[in-house]
Amino acid sequence: MLPTGRLKRLLRHLTLDVSPLRDSRDYRLLFASGVITMFGTLITMVAVPYQMKELTDSYLAVSLVSLAEFVPMVVCGLWGGAIADALDRRKIIVLSELGLLITTGALTVNAMLPNPQIWVLYVMGAVSTGISCLQRPSLEAVFQQVVKHEQQGAAAVLSSMRWNFGAIVAPALGGLLVTAFGPAAAYGIDTLSFALSLALLWRIRSLPPAEDAAPASLKSLVEGMRYAVGRPDLVGTYLVDIAAMVFAMGTSLFPFLADELHSPQALGLLYSAGAVGALAASITGGWAARVHRQGLGVIVAAALWGAAVAASALAPNVWVLFACLAFAGAADMVSGIFRMTMWNQTIPPELRGRLAGIELLSYASGPMLGNARAGLMADVGGTRFSLGAGGLLCVGAVLGLAAALPAFRTYDARTDDHALAEKARREAAV
């Protein structure tokens with residue numbers, strides 16, 4: 001049994017640090033807005049493919065929804081990073097939120113028609129994805145401005161907890177809504193969520209760009225990419241995450257795994273497993289905010305993610321599979337917390353938006369490619385082969401990148417020049 005003093009210290013390290021919520025009014029507004037819109041957005045993510053299936057009864061038509069969103073994600077993600085550094089970030093966030101309210105309103109009206117139009121789902125899906133990707137870099141960059149430098153790790157944990165709680169609850173709620181009341185009800189709730197969120201975001205103070213901020217242009221985008229490429233520690237965060245997702249992501253296999261384990265009714269359980277593990281990691285993630293070797297932390301967490309996916313290939317039943325996937329989700333969330341902390345503690349404010357656009361592409365493209373890889377490998381050797389081989393390839397790729405990028409592996413926030421310079425700049429500004 002642990003002595004009382006050691007037990008108290010252990011509990012203190014595991015306790016969630018809510019100081020960003022306590023100390024920053026703007027962060028509280030952003031956090032509350034994020035909770036509201038996240039629920040609405042995830043409900044719509046369930047409603048769109050459901051409605052498309054009901055209208056067309058075509059696998060191809062449903063899959064084309066994601067394809068229609070890919071190009072807007074790439075183009076608007078990069079351009080969103082450029083405008084985040086050149087314009088008032090509050091204005092970008094508010095106007096984007098208004099645009100998203102309009103697109104979900106259009107989906108609601110279309111769903112209420114006697115004969116809903118299929119093209120509206122494709123067009124509004126692409127437009128809303130583009131608007132979201134224009135907004136996302138500003139949202140990511142804004143945390144650097146409204147949260148203290150030493151609280152960035154705690155803010156990353158809080159943001160992760162918020163997202164994963166929603167990822168567990170909202171899809172289940174969306175499924176109930178669309179099956180019981182139809183897609184129009186789901187879209188209507190999403191529209192209401194954006195209206196409430198807009199009222200909160202309107203109260204955030206103005207967040208103008210630096211006086212010498214570069215105007216949004218192709219040249220400014222190239223400047224951001226050059227900065228990212230010139231920092232091996234940042235390159236490591238991108239490459240390790242992409243490798244982890246490409247080699248070990250396999251959610252496209254879940255319907256087949258549920259059938260193989262003679263538990264088709266447990267399909268939803270498999271989809272929620274990663275979010276359950278990630279939420280557990282977030283709630284007990286107070287320790288992560290005290291880690292200074294975030295690069296090594298990303299490497300260990302990504303390797304554990306791959307190992308857990310590989311272990312899931314041996315699962316004899318749904319519950320063991322659930323446990324493996326939950327552990328994988330927890331490891332992936334820890335990796336995300338460390339990456340977000342590194343980004344917000346070391347990237348200069350005048351480049352934060354453009355780098356957030358690059359980050360968006362790194363963590364959004366990996367799962368898409370990973371699910372395609374999982375399907376191809378399953379065609380060759382089955383679902384278990386795809387999971388096992390993919391997980392082991394992930395571990396090998398992560399360890400190879402760790403060896404190839406010593407600056408990333410040895411990163412330490414206490415001694416890193418970029419982290420110290422950003423900390424000194426912020427202290428001087430205060």
# chains A, B, ... in the order shown; residues from 1 in each chain; ligands from 1
$ residues_around --residues "Val157 (chain A)" --least-positions-apart "4" --cutoff "8 Å" --atoms "only C-alpha atoms" --output "list in words"
Leu16, Gly153, Met161, Ser282, Ile283, Gly285, Gly286, Ala288, Ala289 and Ile337 of chain A
$ closest_atom_pairs --of "region 172-291 of chain A" --to "region 313-321 of chain A" --cutoff "10 Å" --atoms "only C-alpha atoms" --output "tab-separated table"
residue	atom	partner	partner_atom	distance
A:Leu257	CA	A:Val318	CA	8.7
A:Ala258	CA	A:Val318	CA	7.5
A:Glu260	CA	A:Asn317	CA	9.4
A:Leu261	CA	A:Asn317	CA	6.1
A:His262	CA	A:Asn317	CA	8.8
A:Ser263	CA	A:Val318	CA	7.3
A:Pro264	CA	A:Val318	CA	9.9
A:Ala266	CA	A:Val318	CA	7.4
A:Leu267	CA	A:Val318	CA	9.4
A:Leu269	CA	A:Val318	CA	8.8
A:Leu270	CA	A:Leu321	CA	7.9
A:Ala273	CA	A:Leu321	CA	8.9
$ write_last_selection --atoms "all heavy atoms" --output "mmCIF file, in the first residue's frame"
data_model
loop_
_atom_site.group_PDB
_atom_site.id
_atom_site.type_symbol
_atom_site.label_atom_id
_atom_site.label_comp_id
_atom_site.auth_asym_id
_atom_site.auth_seq_id
_atom_site.Cartn_x
_atom_site.Cartn_y
_atom_site.Cartn_z
ATOM 1 N N LEU A 257 -15.032 -6.979 -38.647
ATOM 2 C CA LEU A 257 -14.595 -7.583 -37.385
ATOM 3 C C LEU A 257 -15.787 -7.961 -36.524
ATOM 4 O O LEU A 257 -15.790 -9.024 -35.887
ATOM 5 C CB LEU A 257 -13.684 -6.606 -36.631
ATOM 6 C CG LEU A 257 -12.280 -6.429 -37.203
ATOM 7 C CD1 LEU A 257 -11.608 -5.204 -36.592
ATOM 8 C CD2 LEU A 257 -11.440 -7.670 -36.930
ATOM 9 N N ALA A 258 -16.796 -7.082 -36.482
ATOM 10 C CA ALA A 258 -17.989 -7.383 -35.680
ATOM 11 C C ALA A 258 -18.666 -8.658 -36.181
ATOM 12 O O ALA A 258 -19.107 -9.502 -35.385
ATOM 13 C CB ALA A 258 -18.955 -6.204 -35.730
ATOM 14 N N GLU A 260 -17.169 -11.152 -37.880
ATOM 15 C CA GLU A 260 -16.277 -12.287 -37.641
ATOM 16 C C GLU A 260 -16.354 -12.770 -36.191
ATOM 17 O O GLU A 260 -16.171 -13.953 -35.907
ATOM 18 C CB GLU A 260 -14.836 -11.899 -37.981
ATOM 19 C CG GLU A 260 -14.577 -11.739 -39.483
ATOM 20 C CD GLU A 260 -13.178 -11.213 -39.776
ATOM 21 O OE1 GLU A 260 -12.349 -11.211 -38.854
ATOM 22 O OE2 GLU A 260 -12.929 -10.808 -40.924
ATOM 23 N N LEU A 261 -16.604 -11.824 -35.284
ATOM 24 C CA LEU A 261 -16.711 -12.176 -33.864
ATOM 25 C C LEU A 261 -18.143 -12.510 -33.475
ATOM 26 O O LEU A 261 -18.463 -12.637 -32.288
ATOM 27 C CB LEU A 261 -16.181 -11.020 -33.009
ATOM 28 C CG LEU A 261 -14.679 -10.757 -33.125
ATOM 29 C CD1 LEU A 261 -14.295 -9.460 -32.434
ATOM 30 C CD2 LEU A 261 -13.885 -11.926 -32.552
ATOM 31 N N HIS A 262 -19.008 -12.636 -34.490
ATOM 32 C CA HIS A 262 -20.418 -13.007 -34.286
ATOM 33 C C HIS A 262 -21.121 -12.029 -33.337
ATOM 34 O O HIS A 262 -21.963 -12.416 -32.528
ATOM 35 C CB HIS A 262 -20.529 -14.436 -33.730
ATOM 36 C CG HIS A 262 -19.768 -15.446 -34.528
ATOM 37 N ND1 HIS A 262 -20.140 -15.814 -35.808
ATOM 38 C CD2 HIS A 262 -18.618 -16.136 -34.247
ATOM 39 C CE1 HIS A 262 -19.278 -16.709 -36.275
ATOM 40 N NE2 HIS A 262 -18.343 -16.927 -35.345
ATOM 41 N N SER A 263 -20.760 -10.754 -33.452
ATOM 42 C CA SER A 263 -21.371 -9.718 -32.617
ATOM 43 C C SER A 263 -21.656 -8.473 -33.448
ATOM 44 O O SER A 263 -21.124 -7.389 -33.175
ATOM 45 C CB SER A 263 -20.430 -9.356 -31.452
ATOM 46 O OG SER A 263 -20.157 -10.468 -30.641
ATOM 47 N N PRO A 264 -22.501 -8.585 -34.467
ATOM 48 C CA PRO A 264 -22.783 -7.415 -35.292
ATOM 49 C C PRO A 264 -23.401 -6.276 -34.500
ATOM 50 O O PRO A 264 -23.244 -5.107 -34.856
ATOM 51 C CB PRO A 264 -23.755 -7.957 -36.350
ATOM 52 C CG PRO A 264 -24.335 -9.195 -35.756
ATOM 53 C CD PRO A 264 -23.251 -9.777 -34.908
ATOM 54 N N ALA A 266 -22.424 -5.205 -31.787
ATOM 55 C CA ALA A 266 -21.369 -4.488 -31.060
ATOM 56 C C ALA A 266 -20.596 -3.526 -31.958
ATOM 57 O O ALA A 266 -19.582 -2.971 -31.539
ATOM 58 C CB ALA A 266 -20.400 -5.482 -30.442
ATOM 59 N N LEU A 267 -21.096 -3.299 -33.184
ATOM 60 C CA LEU A 267 -20.371 -2.418 -34.107
ATOM 61 C C LEU A 267 -20.171 -1.032 -33.520
ATOM 62 O O LEU A 267 -19.074 -0.466 -33.573
ATOM 63 C CB LEU A 267 -21.128 -2.332 -35.435
ATOM 64 C CG LEU A 267 -20.534 -1.399 -36.494
ATOM 65 C CD1 LEU A 267 -19.116 -1.823 -36.857
ATOM 66 C CD2 LEU A 267 -21.415 -1.365 -37.732
ATOM 67 N N LEU A 269 -20.001 -0.220 -30.473
ATOM 68 C CA LEU A 269 -19.034 -0.328 -29.379
ATOM 69 C C LEU A 269 -17.606 -0.211 -29.907
ATOM 70 O O LEU A 269 -16.754 0.441 -29.292
ATOM 71 C CB LEU A 269 -19.226 -1.662 -28.659
ATOM 72 C CG LEU A 269 -18.551 -1.837 -27.299
ATOM 73 C CD1 LEU A 269 -19.185 -0.923 -26.279
ATOM 74 C CD2 LEU A 269 -18.669 -3.297 -26.860
ATOM 75 N N LEU A 270 -17.344 -0.834 -31.052
ATOM 76 C CA LEU A 270 -15.998 -0.759 -31.624
ATOM 77 C C LEU A 270 -15.659 0.661 -32.061
ATOM 78 O O LEU A 270 -14.538 1.129 -31.870
ATOM 79 C CB LEU A 270 -15.888 -1.717 -32.821
ATOM 80 C CG LEU A 270 -16.100 -3.208 -32.534
ATOM 81 C CD1 LEU A 270 -15.862 -4.030 -33.801
ATOM 82 C CD2 LEU A 270 -15.191 -3.686 -31.412
ATOM 83 N N ALA A 273 -14.739 2.738 -28.985
ATOM 84 C CA ALA A 273 -13.664 2.256 -28.106
ATOM 85 C C ALA A 273 -12.505 3.241 -28.017
ATOM 86 O O ALA A 273 -12.015 3.557 -26.927
ATOM 87 C CB ALA A 273 -13.169 0.894 -28.597
#
$ closest_residue --among "A:Phe322, A:Asp332, A:Arg293, A:Leu239" --to "Leu405 (chain A)" --atoms "only C-alpha atoms"
A:Leu239
$ residues_around --residues "Cys324 (chain A)" --least-positions-apart "6" --cutoff "8 Å" --atoms "only C-alpha atoms" --output "list in words"
Ala308, Val309, Ala311 and Ser312 of chain A
$ write_last_selection --atoms "N, CA, C and O atoms" --output "mmCIF file, in the first residue's frame"
data_model
loop_
_atom_site.group_PDB
_atom_site.id
_atom_site.type_symbol
_atom_site.label_atom_id
_atom_site.label_comp_id
_atom_site.auth_asym_id
_atom_site.auth_seq_id
_atom_site.Cartn_x
_atom_site.Cartn_y
_atom_site.Cartn_z
ATOM 1 N N ALA A 308 -0.793 -1.622 -29.680
ATOM 2 C CA ALA A 308 -2.154 -1.973 -29.260
ATOM 3 C C ALA A 308 -2.989 -2.430 -30.448
ATOM 4 O O ALA A 308 -3.788 -3.369 -30.338
ATOM 5 N N VAL A 309 -2.823 -1.782 -31.603
ATOM 6 C CA VAL A 309 -3.550 -2.196 -32.802
ATOM 7 C C VAL A 309 -3.089 -3.587 -33.233
ATOM 8 O O VAL A 309 -3.905 -4.438 -33.610
ATOM 9 N N ALA A 311 -1.919 -5.889 -31.284
ATOM 10 C CA ALA A 311 -2.461 -6.839 -30.306
ATOM 11 C C ALA A 311 -3.934 -7.121 -30.563
ATOM 12 O O ALA A 311 -4.419 -8.231 -30.308
ATOM 13 N N SER A 312 -4.657 -6.129 -31.086
ATOM 14 C CA SER A 312 -6.090 -6.325 -31.347
ATOM 15 C C SER A 312 -6.332 -7.415 -32.386
ATOM 16 O O SER A 312 -7.413 -7.995 -32.443
#
$ atom_distance --atom1 "CA of Ala213 (chain A)" --atom2 "CA of Leu139 (chain A)"
17.7 Å
$ select_by_dssp --residues "region 130-257 of chain A" --states "helix (DSSP H, G or I)" --output "count of residues only"
104
$ residues_around --residues "Tyr363 (chain A)" --least-positions-apart "6" --cutoff "12 Å" --atoms "only C-alpha atoms" --output "number ranges by chain"
A: 73-74, 77, 237-246, 249, 332, 335-336, 339-340, 356-357, 369-370
$ write_last_selection --atoms "N, CA, C and O atoms" --output "compact mmCIF listing (two decimals), in the first residue's frame"
# COMPACT_ATOMS: atom_id res chain seq x y z
N MET A 73 -10.80 20.46 -48.04
CA MET A 73 -9.99 20.34 -46.84
C MET A 73 -8.55 20.77 -47.10
O MET A 73 -7.97 21.54 -46.32
N VAL A 74 -7.97 20.31 -48.20
CA VAL A 74 -6.57 20.63 -48.50
C VAL A 74 -6.41 22.11 -48.82
O VAL A 74 -5.57 22.81 -48.23
N GLY A 77 -7.64 24.39 -45.85
CA GLY A 77 -6.78 24.24 -44.67
C GLY A 77 -5.52 25.08 -44.79
O GLY A 77 -5.14 25.79 -43.86
N THR A 237 6.80 15.74 -35.46
CA THR A 237 5.40 15.64 -35.01
C THR A 237 4.48 15.30 -36.17
O THR A 237 3.52 14.54 -36.01
N TYR A 238 4.75 15.86 -37.35
CA TYR A 238 3.91 15.59 -38.52
C TYR A 238 4.11 14.16 -39.02
O TYR A 238 3.15 13.41 -39.22
N LEU A 239 5.38 13.79 -39.23
CA LEU A 239 5.68 12.50 -39.85
C LEU A 239 5.29 11.32 -38.97
O LEU A 239 4.77 10.31 -39.46
N VAL A 240 5.53 11.44 -37.66
CA VAL A 240 5.18 10.33 -36.76
C VAL A 240 3.67 10.14 -36.74
O VAL A 240 3.17 9.00 -36.78
N ASP A 241 2.91 11.23 -36.70
CA ASP A 241 1.46 11.09 -36.67
C ASP A 241 0.94 10.50 -37.98
O ASP A 241 0.06 9.63 -37.99
N ILE A 242 1.47 10.98 -39.10
CA ILE A 242 1.04 10.43 -40.40
C ILE A 242 1.37 8.94 -40.49
O ILE A 242 0.54 8.13 -40.91
N ALA A 243 2.59 8.57 -40.08
CA ALA A 243 2.98 7.15 -40.13
C ALA A 243 2.08 6.31 -39.23
O ALA A 243 1.65 5.21 -39.62
N ALA A 244 1.78 6.80 -38.04
CA ALA A 244 0.93 6.05 -37.11
C ALA A 244 -0.45 5.81 -37.70
O ALA A 244 -1.00 4.71 -37.60
N MET A 245 -1.01 6.85 -38.32
CA MET A 245 -2.36 6.71 -38.88
C MET A 245 -2.37 5.86 -40.16
O MET A 245 -3.24 5.01 -40.34
N VAL A 246 -1.42 6.09 -41.03
CA VAL A 246 -1.40 5.35 -42.30
C VAL A 246 -1.24 3.85 -42.05
O VAL A 246 -1.91 3.02 -42.68
N MET A 249 -4.28 2.81 -38.63
CA MET A 249 -5.70 3.16 -38.61
C MET A 249 -6.48 2.06 -39.35
O MET A 249 -6.09 1.63 -40.43
N ASP A 332 -3.02 7.34 -28.53
CA ASP A 332 -3.12 8.35 -29.59
C ASP A 332 -3.44 9.72 -29.00
O ASP A 332 -2.93 10.74 -29.46
N SER A 335 -0.33 11.23 -27.46
CA SER A 335 0.50 11.76 -28.54
C SER A 335 -0.03 13.12 -29.00
O SER A 335 0.75 14.06 -29.20
N GLY A 336 -1.35 13.23 -29.15
CA GLY A 336 -1.93 14.49 -29.58
C GLY A 336 -1.71 15.61 -28.59
O GLY A 336 -1.45 16.76 -28.97
N ARG A 339 1.90 16.76 -28.95
CA ARG A 339 2.11 17.51 -30.19
C ARG A 339 1.54 18.92 -30.10
O ARG A 339 2.17 19.89 -30.49
N MET A 340 0.33 19.03 -29.57
CA MET A 340 -0.30 20.34 -29.44
C MET A 340 0.49 21.25 -28.51
O MET A 340 0.65 22.45 -28.76
N ALA A 356 -0.68 25.89 -38.27
CA ALA A 356 -1.90 25.16 -37.91
C ALA A 356 -2.54 24.56 -39.15
O ALA A 356 -3.13 23.48 -39.10
N GLY A 357 -2.45 25.27 -40.29
CA GLY A 357 -2.96 24.73 -41.54
C GLY A 357 -2.21 23.49 -41.96
O GLY A 357 -2.81 22.51 -42.44
N LEU A 369 -5.94 7.91 -45.55
CA LEU A 369 -5.02 6.99 -46.20
C LEU A 369 -4.92 5.67 -45.44
O LEU A 369 -4.80 4.60 -46.04
N GLY A 370 -4.99 5.76 -44.10
CA GLY A 370 -4.89 4.56 -43.29
C GLY A 370 -6.04 3.60 -43.51
O GLY A 370 -5.84 2.37 -43.57
$ closest_atom_pairs --of "region 67-169 of chain A" --to "region 28-40 of chain A" --cutoff "9 Å" --atoms "only C-alpha atoms" --output "JSON lines"
{"residue": "A:Leu139", "atom": "CA", "partner": "A:Leu30", "partner_atom": "CA", "distance": 8.5}
{"residue": "A:Phe143", "atom": "CA", "partner": "A:Leu30", "partner_atom": "CA", "distance": 8.8}
{"residue": "A:Leu158", "atom": "CA", "partner": "A:Phe31", "partner_atom": "CA", "distance": 8.6}
{"residue": "A:Ser159", "atom": "CA", "partner": "A:Phe31", "partner_atom": "CA", "distance": 7.5}
{"residue": "A:Arg162", "atom": "CA", "partner": "A:Val35", "partner_atom": "CA", "distance": 6.5}
{"residue": "A:Trp163", "atom": "CA", "partner": "A:Met38", "partner_atom": "CA", "distance": 7.3}
{"residue": "A:Gly166", "atom": "CA", "partner": "A:Phe39", "partner_atom": "CA", "distance": 5.9}
{"residue": "A:Ala167", "atom": "CA", "partner": "A:Phe39", "partner_atom": "CA", "distance": 8.1}
{"residue": "A:Val169", "atom": "CA", "partner": "A:Phe39", "partner_atom": "CA", "distance": 8.1}
$ write_last_selection --atoms "all heavy atoms" --output "mmCIF file, in the first residue's frame"
data_model
loop_
_atom_site.group_PDB
_atom_site.id
_atom_site.type_symbol
_atom_site.label_atom_id
_atom_site.label_comp_id
_atom_site.auth_asym_id
_atom_site.auth_seq_id
_atom_site.Cartn_x
_atom_site.Cartn_y
_atom_site.Cartn_z
ATOM 1 N N LEU A 139 -8.709 28.959 -34.956
ATOM 2 C CA LEU A 139 -9.066 28.419 -33.644
ATOM 3 C C LEU A 139 -7.850 27.832 -32.941
ATOM 4 O O LEU A 139 -7.655 28.040 -31.737
ATOM 5 C CB LEU A 139 -10.140 27.331 -33.808
ATOM 6 C CG LEU A 139 -11.591 27.792 -33.964
ATOM 7 C CD1 LEU A 139 -12.483 26.605 -34.290
ATOM 8 C CD2 LEU A 139 -12.079 28.499 -32.718
ATOM 9 N N PHE A 143 -5.597 29.802 -29.265
ATOM 10 C CA PHE A 143 -5.276 29.304 -27.932
ATOM 11 C C PHE A 143 -3.921 29.828 -27.459
ATOM 12 O O PHE A 143 -3.713 30.045 -26.267
ATOM 13 C CB PHE A 143 -5.280 27.769 -27.929
ATOM 14 C CG PHE A 143 -6.658 27.170 -28.066
ATOM 15 C CD1 PHE A 143 -6.898 26.145 -28.955
ATOM 16 C CD2 PHE A 143 -7.700 27.634 -27.305
ATOM 17 C CE1 PHE A 143 -8.166 25.596 -29.087
ATOM 18 C CE2 PHE A 143 -8.977 27.102 -27.418
ATOM 19 C CZ PHE A 143 -9.204 26.081 -28.314
ATOM 20 N N LEU A 158 -7.443 19.691 -21.699
ATOM 21 C CA LEU A 158 -8.861 20.065 -21.613
ATOM 22 C C LEU A 158 -9.547 19.966 -22.972
ATOM 23 O O LEU A 158 -10.675 19.470 -23.084
ATOM 24 C CB LEU A 158 -8.989 21.491 -21.068
ATOM 25 C CG LEU A 158 -8.689 21.681 -19.582
ATOM 26 C CD1 LEU A 158 -8.604 23.168 -19.243
ATOM 27 C CD2 LEU A 158 -9.758 21.015 -18.728
ATOM 28 N N SER A 159 -8.878 20.450 -24.009
ATOM 29 C CA SER A 159 -9.457 20.388 -25.352
ATOM 30 C C SER A 159 -9.643 18.940 -25.798
ATOM 31 O O SER A 159 -10.658 18.596 -26.427
ATOM 32 C CB SER A 159 -8.555 21.131 -26.352
ATOM 33 O OG SER A 159 -8.481 22.512 -26.031
ATOM 34 N N ARG A 162 -12.665 17.441 -23.953
ATOM 35 C CA ARG A 162 -13.915 17.944 -24.532
ATOM 36 C C ARG A 162 -14.266 17.173 -25.811
ATOM 37 O O ARG A 162 -15.394 16.731 -26.003
ATOM 38 C CB ARG A 162 -13.768 19.434 -24.848
ATOM 39 C CG ARG A 162 -14.962 20.080 -25.501
ATOM 40 C CD ARG A 162 -14.572 21.392 -26.140
ATOM 41 N NE ARG A 162 -13.780 21.156 -27.344
ATOM 42 C CZ ARG A 162 -13.055 22.081 -27.943
ATOM 43 N NH1 ARG A 162 -12.977 23.293 -27.443
ATOM 44 N NH2 ARG A 162 -12.386 21.796 -29.049
ATOM 45 N N TRP A 163 -13.272 17.030 -26.682
ATOM 46 C CA TRP A 163 -13.509 16.361 -27.958
ATOM 47 C C TRP A 163 -13.908 14.909 -27.760
ATOM 48 O O TRP A 163 -14.860 14.423 -28.385
ATOM 49 C CB TRP A 163 -12.270 16.459 -28.841
ATOM 50 C CG TRP A 163 -12.391 15.618 -30.075
ATOM 51 C CD1 TRP A 163 -11.810 14.407 -30.310
ATOM 52 C CD2 TRP A 163 -13.189 15.892 -31.229
ATOM 53 N NE1 TRP A 163 -12.182 13.925 -31.549
ATOM 54 C CE2 TRP A 163 -13.035 14.818 -32.124
ATOM 55 C CE3 TRP A 163 -14.011 16.962 -31.591
ATOM 56 C CZ2 TRP A 163 -13.664 14.755 -33.353
ATOM 57 C CZ3 TRP A 163 -14.652 16.905 -32.821
ATOM 58 C CH2 TRP A 163 -14.469 15.827 -33.690
ATOM 59 N N GLY A 166 -17.426 14.275 -26.431
ATOM 60 C CA GLY A 166 -18.394 14.452 -27.511
ATOM 61 C C GLY A 166 -18.361 13.304 -28.506
ATOM 62 O O GLY A 166 -19.398 12.876 -29.015
ATOM 63 N N ALA A 167 -17.146 12.781 -28.793
ATOM 64 C CA ALA A 167 -17.009 11.696 -29.768
ATOM 65 C C ALA A 167 -17.668 10.410 -29.294
ATOM 66 O O ALA A 167 -18.005 9.540 -30.111
ATOM 67 C CB ALA A 167 -15.529 11.448 -30.064
ATOM 68 N N VAL A 169 -20.511 10.477 -27.017
ATOM 69 C CA VAL A 169 -21.938 10.721 -26.804
ATOM 70 C C VAL A 169 -22.658 11.159 -28.076
ATOM 71 O O VAL A 169 -23.746 10.668 -28.401
ATOM 72 C CB VAL A 169 -22.140 11.776 -25.690
ATOM 73 C CG1 VAL A 169 -23.621 12.091 -25.515
ATOM 74 C CG2 VAL A 169 -21.537 11.287 -24.393
#
$ residues_around --residues "Leu98 (chain A)" --least-positions-apart "5" --cutoff "12 Å" --atoms "only C-alpha atoms" --output "NGL selection string"
:A and (37 or 91-93 or 103-105 or 128 or 131-132 or 135 or 191-199 or 201-202)
$ atom_distance --atom1 "CA of Pro406 (chain A)" --atom2 "CA of Gly295 (chain A)"
9.6 Å
$ closest_residue --among "A:Asp57, A:Pro116, A:Asn110, A:Val395" --to "Gly306 (chain A)" --atoms "only C-alpha atoms"
A:Val395
$ closest_residue --among "A:Val18, A:Ala424, A:Leu121, A:Leu361" --to "Ala61 (chain A)" --atoms "only C-alpha atoms"
A:Leu121
$ residues_around --residues "region 177-188 of chain A" --least-positions-apart "6" --cutoff "6 Å" --atoms "only C-alpha atoms" --output "PyMOL selection string"
chain A and resi 47+108+111-112
$ write_last_selection --atoms "all heavy atoms" --output "PDB file, in the first residue's frame"
ATOM      1  N   ALA A  47     -25.778  12.067 -39.661  1.00  0.00           N
ATOM      2  CA  ALA A  47     -27.003  12.287 -40.435  1.00  0.00           C
ATOM      3  C   ALA A  47     -26.764  12.304 -41.942  1.00  0.00           C
ATOM      4  O   ALA A  47     -27.588  11.784 -42.709  1.00  0.00           O
ATOM      5  CB  ALA A  47     -27.665  13.597 -40.003  1.00  0.00           C
ATOM      6  N   THR A 108     -31.013  21.505 -43.357  1.00  0.00           N
ATOM      7  CA  THR A 108     -32.291  21.336 -42.663  1.00  0.00           C
ATOM      8  C   THR A 108     -33.462  21.554 -43.611  1.00  0.00           C
ATOM      9  O   THR A 108     -34.404  20.755 -43.665  1.00  0.00           O
ATOM     10  CB  THR A 108     -32.390  22.313 -41.481  1.00  0.00           C
ATOM     11  OG1 THR A 108     -31.260  22.154 -40.612  1.00  0.00           O
ATOM     12  CG2 THR A 108     -33.659  22.075 -40.674  1.00  0.00           C
ATOM     13  N   ALA A 111     -33.775  18.744 -46.117  1.00  0.00           N
ATOM     14  CA  ALA A 111     -34.312  17.513 -45.531  1.00  0.00           C
ATOM     15  C   ALA A 111     -35.815  17.599 -45.293  1.00  0.00           C
ATOM     16  O   ALA A 111     -36.495  16.564 -45.231  1.00  0.00           O
ATOM     17  CB  ALA A 111     -33.596  17.210 -44.217  1.00  0.00           C
ATOM     18  N   MET A 112     -36.340  18.815 -45.173  1.00  0.00           N
ATOM     19  CA  MET A 112     -37.770  18.996 -44.923  1.00  0.00           C
ATOM     20  C   MET A 112     -38.596  18.980 -46.216  1.00  0.00           C
ATOM     21  O   MET A 112     -39.819  18.950 -46.165  1.00  0.00           O
ATOM     22  CB  MET A 112     -37.995  20.309 -44.174  1.00  0.00           C
ATOM     23  CG  MET A 112     -37.406  20.312 -42.764  1.00  0.00           C
ATOM     24  SD  MET A 112     -37.481  21.940 -41.976  1.00  0.00           S
ATOM     25  CE  MET A 112     -39.252  22.132 -41.765  1.00  0.00           C
TER      26      MET A 112
END
$ residues_around --residues "Ala328 (chain A)" --least-positions-apart "2" --cutoff "6 Å" --atoms "only C-alpha atoms" --output "compact mmCIF listing (two decimals) with all heavy atoms, in the first residue's frame"
# COMPACT_ATOMS: atom_id res chain seq x y z
N TRP A 305 0.46 3.01 -29.55
CA TRP A 305 -0.73 2.96 -30.40
C TRP A 305 -0.61 1.81 -31.40
O TRP A 305 -1.53 1.00 -31.54
CB TRP A 305 -0.91 4.31 -31.09
CG TRP A 305 -1.50 4.30 -32.47
CD1 TRP A 305 -0.82 4.23 -33.65
CD2 TRP A 305 -2.89 4.36 -32.84
NE1 TRP A 305 -1.69 4.26 -34.73
CE2 TRP A 305 -2.97 4.34 -34.26
CE3 TRP A 305 -4.07 4.45 -32.12
CZ2 TRP A 305 -4.16 4.39 -34.96
CZ3 TRP A 305 -5.29 4.50 -32.81
CH2 TRP A 305 -5.33 4.47 -34.21
N ALA A 308 -0.79 -1.62 -29.68
CA ALA A 308 -2.15 -1.97 -29.26
C ALA A 308 -2.99 -2.43 -30.45
O ALA A 308 -3.79 -3.37 -30.34
CB ALA A 308 -2.81 -0.78 -28.57
N LEU A 325 -8.50 -1.59 -28.50
CA LEU A 325 -8.78 -0.34 -29.22
C LEU A 325 -8.85 0.85 -28.27
O LEU A 325 -8.45 1.97 -28.62
CB LEU A 325 -10.08 -0.48 -30.00
CG LEU A 325 -10.09 -1.52 -31.12
CD1 LEU A 325 -11.48 -1.65 -31.73
CD2 LEU A 325 -9.07 -1.15 -32.20
N ALA A 326 -9.38 0.62 -27.06
CA ALA A 326 -9.43 1.71 -26.08
C ALA A 326 -8.03 2.13 -25.66
O ALA A 326 -7.73 3.32 -25.53
CB ALA A 326 -10.24 1.27 -24.86
N ALA A 330 -6.24 5.78 -26.15
CA ALA A 330 -5.58 6.52 -25.07
C ALA A 330 -4.17 6.94 -25.49
O ALA A 330 -3.75 8.08 -25.26
CB ALA A 330 -5.54 5.67 -23.81
N ALA A 331 -3.43 6.01 -26.10
CA ALA A 331 -2.07 6.33 -26.54
C ALA A 331 -2.08 7.42 -27.61
O ALA A 331 -1.25 8.34 -27.58
CB ALA A 331 -1.40 5.06 -27.08
$ closest_residue --among "A:Ala228, A:Ala141, A:Leu234, A:Leu387" --to "Arg89 (chain A)" --atoms "only C-alpha atoms"
A:Ala141
